[in-house]
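*Asks:* Dropping in structure.pdb, which is PDB, C-alpha atoms:
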ATOM      1  CA  MET A  87     191.574  47.073 147.219
ATOM      2  CA  ILE A  88     195.161  46.895 148.516
ATOM      3  CA  SER A  89     195.926  43.643 146.655
ATOM      4  CA  ALA A  90     194.674  45.285 143.443
ATOM      5  CA  MET A  91     197.004  48.238 144.078
ATOM      6  CA  ILE A  92     199.958  45.902 144.670
ATOM      7  CA  SER A  93     199.138  43.978 141.459
ATOM      8  CA  GLY A  94     198.821  47.246 139.556
ATOM      9  CA  ALA A  95     202.174  48.452 140.877
ATOM     10  CA  ARG A  96     203.831  45.124 139.961
ATOM     11  CA  GLU A  97     202.378  45.272 136.449
ATOM     12  CA  SER A  98     203.677  48.824 136.138
ATOM     13  CA  ALA A  99     207.150  47.659 137.234
ATOM     14  CA  GLU A 100     207.021  44.833 134.676
ATOM     15  CA  GLU A 101     206.041  47.276 131.941
ATOM     16  CA  ARG A 102     208.767  49.763 132.867
ATOM     17  CA  CYS A 103     211.441  47.050 133.021
ATOM     18  CA  LYS A 104     210.133  44.992 130.066
ATOM     19  CA  ARG A 105     210.477  41.814 132.161
ATOM     20  CA  SER A 106     208.330  39.379 134.151
ATOM     21  CA  PHE A 107     208.673  39.446 137.921
ATOM     22  CA  VAL A 108     206.073  36.676 138.391
ATOM     23  CA  ASN A 109     205.250  33.696 136.176
ATOM     24  CA  HIS A 110     203.226  34.451 133.047
ATOM     25  CA  THR A 111     202.288  32.667 129.844
ATOM     26  CA  TYR A 112     202.693  34.852 126.762
ATOM     27  CA  SER A 113     201.667  34.494 123.123
ATOM     28  CA  LEU A 114     203.779  36.174 120.487
ATOM     29  CA  VAL A 115     201.964  36.363 117.137
ATOM     30  CA  LEU A 116     204.018  36.936 113.980
ATOM     31  CA  ASP A 117     203.262  37.369 110.274
ATOM     32  CA  GLY A 118     205.990  34.941 109.205
ATOM     33  CA  PHE A 119     209.259  33.270 110.105
ATOM     34  CA  PRO A 120     212.529  35.231 109.840
ATOM     35  CA  GLY A 121     215.470  34.008 107.739
ATOM     36  CA  SER A 122     216.079  30.248 107.645
ATOM     37  CA  THR A 123     217.940  30.026 110.976
ATOM     38  CA  GLU A 124     217.571  33.554 112.378
ATOM     39  CA  PRO A 125     216.437  33.585 116.031
ATOM     40  CA  ILE A 126     213.146  35.076 117.182
ATOM     41  CA  LYS A 127     213.336  37.334 120.241
ATOM     42  CA  LEU A 128     210.959  36.479 123.087
ATOM     43  CA  PRO A 129     210.067  39.579 125.121
ATOM     44  CA  ARG A 130     209.587  39.732 128.893
ATOM     45  CA  PRO A 131     212.485  37.686 130.310
ATOM     46  CA  PRO A 132     213.431  35.556 132.099
ATOM     47  CA  ILE A 133     212.251  32.844 129.701
ATOM     48  CA  SER A 134     211.583  29.383 131.136
ATOM     49  CA  SER A 135     214.384  26.886 130.542
ATOM     50  CA  SER A 136     211.942  23.981 130.205
ATOM     51  CA  ALA A 137     211.428  22.823 126.601
ATOM     52  CA  THR A 138     207.798  21.986 127.390
ATOM     53  CA  ASP A 139     207.094  25.645 128.251
ATOM     54  CA  LEU A 140     207.395  26.775 124.613
ATOM     55  CA  THR A 141     205.176  25.883 121.654
ATOM     56  CA  ILE A 142     205.333  27.214 118.088
ATOM     57  CA  THR A 143     202.350  26.646 115.819
ATOM     58  CA  TYR A 144     201.845  27.985 112.319
ATOM     59  CA  TYR A 145     199.315  27.834 109.486
ATOM     60  CA  ASN A 146     200.720  25.708 106.685
ATOM     61  CA  THR A 147     200.084  25.957 102.959
ATOM     62  CA  THR A 148     199.433  22.237 102.560
ATOM     63  CA  ASP A 149     195.969  22.174 104.117
ATOM     64  CA  GLY A 150     195.571  25.560 105.851
ATOM     65  CA  LEU A 151     195.581  23.890 109.262
ATOM     66  CA  THR A 152     198.032  24.554 112.068
ATOM     67  CA  THR A 153     201.238  22.609 112.487
ATOM     68  CA  THR A 154     203.266  22.466 115.710
ATOM     69  CA  ILE A 155     207.050  22.461 115.474
ATOM     70  CA  PRO A 156     208.541  19.654 117.606
ATOM     71  CA  THR A 157     210.544  20.966 120.583
ATOM     72  CA  THR A 158     213.464  18.791 119.454
ATOM     73  CA  ALA A 159     213.731  21.001 116.360
ATOM     74  CA  LEU A 160     214.156  24.150 118.496
ATOM     75  CA  THR A 161     216.841  25.749 120.619
ATOM     76  CA  VAL A 162     215.750  28.144 123.353
ATOM     77  CA  ASP A 163     218.225  30.706 124.676
ATOM     78  CA  HIS A 164     216.771  31.466 128.101
ATOM     79  CA  LEU A 165     219.946  33.182 129.351
ATOM     80  CA  SER A 166     219.834  36.134 126.937
ATOM     81  CA  GLU A 167     217.640  39.138 127.608
ATOM     82  CA  PRO A 168     215.384  39.126 125.766
ATOM     83  CA  GLY A 169     215.299  35.359 125.324
ATOM     84  CA  LYS A 170     215.450  33.793 121.864
ATOM     85  CA  VAL A 171     214.219  30.727 120.049
ATOM     86  CA  ALA A 172     215.818  29.387 116.875
ATOM     87  CA  PRO A 173     215.869  26.168 114.900
ATOM     88  CA  SER A 174     218.194  23.631 116.506
ATOM     89  CA  TYR A 175     221.447  22.675 114.764
ATOM     90  CA  GLY A 176     220.751  21.249 111.304
ATOM     91  CA  ASN A 177     217.165  22.556 111.207
ATOM     92  CA  GLU A 178     215.566  25.614 109.586
ATOM     93  CA  TRP A 179     212.310  27.460 110.045
ATOM     94  CA  PRO A 180     209.450  25.903 108.054
ATOM     95  CA  THR A 181     208.973  27.241 104.537
ATOM     96  CA  ASP A 182     205.340  26.154 104.175
ATOM     97  CA  ALA A 183     203.794  28.843 106.430
ATOM     98  CA  ILE A 184     200.826  30.696 104.939
ATOM     99  CA  ASP A 185     201.413  34.387 104.258
ATOM    100  CA  ARG A 186     198.884  35.968 106.629
ATOM    101  CA  PRO A 187     198.997  38.424 109.541
ATOM    102  CA  ASP A 188     198.683  35.765 112.263
ATOM    103  CA  ALA A 189     200.584  32.951 110.580
ATOM    104  CA  ILE A 190     202.728  32.018 113.597
ATOM    105  CA  THR A 191     201.952  31.825 117.304
ATOM    106  CA  ILE A 192     204.684  31.278 119.872
ATOM    107  CA  SER A 193     203.370  30.446 123.349
ATOM    108  CA  TYR A 194     205.937  30.510 126.134
ATOM    109  CA  LYS A 195     206.321  30.885 129.860
ATOM    110  CA  ALA A 196     208.406  33.584 131.474
ATOM    111  CA  GLY A 197     208.956  34.914 134.966
ATOM    112  CA  ASN A 198     210.901  34.483 138.160
ATOM    113  CA  ASN A 199     210.662  31.177 139.971
ATOM    114  CA  THR A 200     212.319  32.841 142.938
ATOM    115  CA  ALA A 201     211.319  35.844 145.010
ATOM    116  CA  CYS A 202     211.084  39.211 143.331
ATOM    117  CA  PRO A 203     214.319  41.215 143.955
ATOM    118  CA  GLN A 204     214.184  43.443 147.048
ATOM    119  CA  PRO A 205     214.623  46.777 145.177
ATOM    120  CA  VAL A 206     211.657  45.869 142.965
ATOM    121  CA  ARG A 207     209.540  44.901 145.993
ATOM    122  CA  THR A 208     210.450  48.252 147.564
ATOM    123  CA  TRP A 209     209.403  50.086 144.376
ATOM    124  CA  ILE A 210     206.111  48.153 144.293
ATOM    125  CA  ALA A 211     205.451  48.938 147.974
ATOM    126  CA  LEU A 212     206.135  52.663 147.436
ATOM    127  CA  ARG A 213     203.880  52.758 144.350
ATOM    128  CA  ALA A 214     201.082  50.841 146.088
ATOM    129  CA  ALA A 215     201.344  53.161 149.104
ATOM    130  CA  GLY A 216     201.104  56.141 146.758
ATOM    131  CA  TYR A 217     198.056  54.624 145.057
ATOM    132  CA  TYR A 218     196.444  54.057 148.465
ATOM    133  CA  ALA A 219     197.224  57.559 149.740
ATOM    134  CA  GLN A 220     195.749  59.083 146.563
ATOM    135  CA  ARG A 221     192.911  56.601 145.957
ATOM    136  CA  GLU A 222     190.317  59.306 145.350
ATOM    137  CA  ALA A 223     189.796  60.608 141.831
ATOM    138  CA  PHE A 224     190.187  64.226 143.002
ATOM    139  CA  VAL A 225     192.005  65.866 145.911
ATOM    140  CA  ALA A 226     190.846  69.375 146.860
ATOM    141  CA  GLY A 227     193.118  71.987 148.393
ATOM    142  CA  THR A 228     196.312  69.907 148.357
ATOM    143  CA  MET A 229     199.517  70.418 146.432
ATOM    144  CA  LEU A 230     201.111  67.057 145.575
ATOM    145  CA  THR A 231     204.800  66.620 144.820
ATOM    146  CA  PRO A 232     205.927  63.202 143.608
ATOM    147  CA  MET A 233     209.174  61.690 144.918
ATOM    148  CA  SER A 234     212.214  62.291 142.782
ATOM    149  CA  ARG A 235     212.615  59.929 139.818
ATOM    150  CA  ASP A 236     216.205  59.379 140.878
ATOM    151  CA  PHE A 237     215.160  57.579 144.042
ATOM    152  CA  VAL A 238     211.943  55.682 143.390
ATOM    153  CA  ASP A 239     212.236  54.808 139.691
ATOM    154  CA  GLY A 240     215.983  54.345 140.087
ATOM    155  CA  LEU A 241     215.206  51.224 142.126
ATOM    156  CA  LEU A 242     214.131  49.538 138.872
ATOM    157  CA  ASP A 243     217.160  50.559 136.781
ATOM    158  CA  PRO A 244     219.238  47.384 137.362
ATOM    159  CA  PHE A 245     216.303  45.235 136.216
ATOM    160  CA  ARG A 246     215.437  47.020 132.953
ATOM    161  CA  VAL A 247     215.849  44.982 129.768
ATOM    162  CA  LEU A 248     217.768  47.063 127.259
ATOM    163  CA  GLU A 249     217.703  46.447 123.514
ATOM    164  CA  VAL A 250     221.151  46.239 121.957
ATOM    165  CA  SER A 251     221.530  46.493 118.191
ATOM    166  CA  GLN A 252     223.543  43.696 116.647
TER     167      GLN A 252
END
Represent the structure from my file as structure tokens, please.
*Replies:*
Amino acid sequence: MISAMISGARESAEERCKRSFVNHTYSLVLDGFPGSTEPIKLPRPPISSSATDLTITYYNTTDGLTTTIPTTALTVDHLSEPGKVAPSYGNEWPTDAIDRPDAITISYKAGNNTACPQPVRTWIALRAAGYYAQREAFVAGTMLTPMSRDFVDGLLDPFRVLEVSQ
């Protein structure tokens, strides 16, 4: 039960911060490619820096089957948050993708290869402890007051991924 509460608290921290604190494999499904060289944002940083950890497949108009873009034709920006993938220099996105809702699938790995930052671990521990203390569906005769947002949720503030308009 406690490990489930810790996992639930970690997943909540990841959702609040829009980032991966442990390793995950994600699939981003798109309706089509952006402009010829425009990058595609990959949510939930940090994105893996290994070229083998990213695959882009799409349905092509030639035969309706999927085609995989070679990793040599891609550039992955794993330092930005969120990460990005774009055609490498001299390349463009394919123009033969079928126009359909799930035309493109980008599979990629994201997450920390090092320990989760201490403030995040503290937040997870406090949340899991709160889950454990209030593990019953109903509490009779007790008035509950949650900790101030400034303290507990403020622990996650430095790790939140913020969207910046360009």
*Asks:* I'd like the residues picked by the PyMOL selection byres ((chain A and resi 171-178) around 6) written out as a PyMOL selection string, using the chain letters and numbers from the file.
*Replies:* chain A and resi 122-123+125-126+159-162+170+179
*Asks:* Write to file, as a PDB file, in the coordinates of the input, the residues of the selection just made, with C-alpha atoms.
*Replies:*
ATOM      1  CA  SER A 122     216.079  30.248 107.645  1.00  0.00           C
ATOM      2  CA  THR A 123     217.940  30.026 110.976  1.00  0.00           C
ATOM      3  CA  PRO A 125     216.437  33.585 116.031  1.00  0.00           C
ATOM      4  CA  ILE A 126     213.146  35.076 117.182  1.00  0.00           C
ATOM      5  CA  ALA A 159     213.731  21.001 116.360  1.00  0.00           C
ATOM      6  CA  LEU A 160     214.156  24.150 118.496  1.00  0.00           C
ATOM      7  CA  THR A 161     216.841  25.749 120.619  1.00  0.00           C
ATOM      8  CA  VAL A 162     215.750  28.144 123.353  1.00  0.00           C
ATOM      9  CA  LYS A 170     215.450  33.793 121.864  1.00  0.00           C
ATOM     10  CA  TRP A 179     212.310  27.460 110.045  1.00  0.00           C
TER      11      TRP A 179
END
*Asks:* Ranking A:Thr181, A:Thr157, A:Ser166, A:Thr141 by minimum distance to Val247 (chain A) and counting all atoms listed in the file, which one comes first?
*Replies:*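 With all atoms listed in the file as the atom set, the closest residue is A:Ser166.
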*Asks:* Measuring between all atoms listed in the file, which one of A:Arg102, A:Glu167, A:Gly121, A:Val115 shows the shortest distance to Leu248 (chain A)?
*Replies:*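 For Leu248 (chain A), the nearest of the given residues is A:Glu167.
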*Asks:* Once the PyMOL selection byres ((chain A and resi 215) around 12) has been applied to the shown file, what residues remain in the selection, as a PyMOL selection string?
*Replies:* chain A and resi 87-92+94-95+208-214+216-221
*Asks:* Pull C-alpha atoms from the residues just selected and write them as a PDB file, in the frame of the given file.
*Replies:*
ATOM      1  CA  MET A  87     191.574  47.073 147.219  1.00  0.00           C
ATOM      2  CA  ILE A  88     195.161  46.895 148.516  1.00  0.00           C
ATOM      3  CA  SER A  89     195.926  43.643 146.655  1.00  0.00           C
ATOM      4  CA  ALA A  90     194.674  45.285 143.443  1.00  0.00           C
ATOM      5  CA  MET A  91     197.004  48.238 144.078  1.00  0.00           C
ATOM      6  CA  ILE A  92     199.958  45.902 144.670  1.00  0.00           C
ATOM      7  CA  GLY A  94     198.821  47.246 139.556  1.00  0.00           C
ATOM      8  CA  ALA A  95     202.174  48.452 140.877  1.00  0.00           C
ATOM      9  CA  THR A 208     210.450  48.252 147.564  1.00  0.00           C
ATOM     10  CA  TRP A 209     209.403  50.086 144.376  1.00  0.00           C
ATOM     11  CA  ILE A 210     206.111  48.153 144.293  1.00  0.00           C
ATOM     12  CA  ALA A 211     205.451  48.938 147.974  1.00  0.00           C
ATOM     13  CA  LEU A 212     206.135  52.663 147.436  1.00  0.00           C
ATOM     14  CA  ARG A 213     203.880  52.758 144.350  1.00  0.00           C
ATOM     15  CA  ALA A 214     201.082  50.841 146.088  1.00  0.00           C
ATOM     16  CA  GLY A 216     201.104  56.141 146.758  1.00  0.00           C
ATOM     17  CA  TYR A 217     198.056  54.624 145.057  1.00  0.00           C
ATOM     18  CA  TYR A 218     196.444  54.057 148.465  1.00  0.00           C
ATOM     19  CA  ALA A 219     197.224  57.559 149.740  1.00  0.00           C
ATOM     20  CA  GLN A 220     195.749  59.083 146.563  1.00  0.00           C
ATOM     21  CA  ARG A 221     192.911  56.601 145.957  1.00  0.00           C
TER      22      ARG A 221
END
*Asks:* Residues of region 122-232 of chain A that have any atom at most 8 Å from an atom of region 110-114 of chain A: could you tabulate them with the shortest-distance atom pair and the distance in Å to one decimal, using all atoms listed in the file, ordered by chain and increasing number, as a tab-separated table?
*Replies:*
residue	atom	partner	partner_atom	distance
A:Leu128	CA	A:Leu114	CA	7.6
A:Thr191	CA	A:Leu114	CA	5.7
A:Ile192	CA	A:Leu114	CA	5.0
A:Ser193	CA	A:Ser113	CA	4.4
A:Tyr194	CA	A:Tyr112	CA	5.5
A:Lys195	CA	A:Thr111	CA	4.4
A:Ala196	CA	A:His110	CA	5.5
A:Gly197	CA	A:His110	CA	6.1
*Asks:* Find, counting only C-alpha atoms, the residue in A:Ala183, A:Thr154, A:Pro129, A:Asp149 that gets nearest to Glu101 (chain A).
*Replies:*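 Using only C-alpha atoms, Glu101 (chain A) sits closest to A:Pro129.
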*Asks:* Which one is closest to Cys202 (chain A): A:Ala137, A:Leu116, A:Leu242, A:Leu165? Count all atoms listed in the file.
*Replies:*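 Between A:Ala137, A:Leu116, A:Leu242, A:Leu165, the residue approaching Cys202 (chain A) most closely is A:Leu242.
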*Asks:* Enter the distance from CA of Ala201 (chain A) to CA of Phe107 (chain A), in Å, rounded to one decimal.
*Replies:*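 About the pair CA of Ala201 (chain A) and CA of Phe107 (chain A): they are 8.4 Å apart.
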*Asks:* The PyMOL selection byres ((chain A and resi 133) around 6) - which residues does that actually catch in the file I just gave you? List them as a PyMOL selection string.
*Replies:* chain A and resi 131-132+134+164+169+196
*Asks:* Those residues with C-alpha atoms, as a short mmCIF file (atom, residue, chain, number, x, y, z; two decimals), in the frame of the given file please?
*Replies:*
data_model
loop_
_atom_site.label_atom_id
_atom_site.label_comp_id
_atom_site.auth_asym_id
_atom_site.auth_seq_id
_atom_site.Cartn_x
_atom_site.Cartn_y
_atom_site.Cartn_z
CA PRO A 131 212.48 37.69 130.31
CA PRO A 132 213.43 35.56 132.10
CA SER A 134 211.58 29.38 131.14
CA HIS A 164 216.77 31.47 128.10
CA GLY A 169 215.30 35.36 125.32
CA ALA A 196 208.41 33.58 131.47
#
*Asks:* As AutoDock Vina command-line options, what would the box around region 133-143 of chain A look like: edges along x, y and z, 4 Å added on every side, centre and edge lengths in Å to one decimal?
*Replies:*
--center_x 208.4 --center_y 27.4 --center_z 123.5 --size_x 20.0 --size_y 18.9 --size_z 23.3
*Asks:* Counting only C-alpha atoms, select every polymer residue within 12 Å of (201.0, 24.9, 100.3) as defined in the file's coordinates, and provide the selection as number ranges by chain.
*Replies:* A: 145-151, 180-185
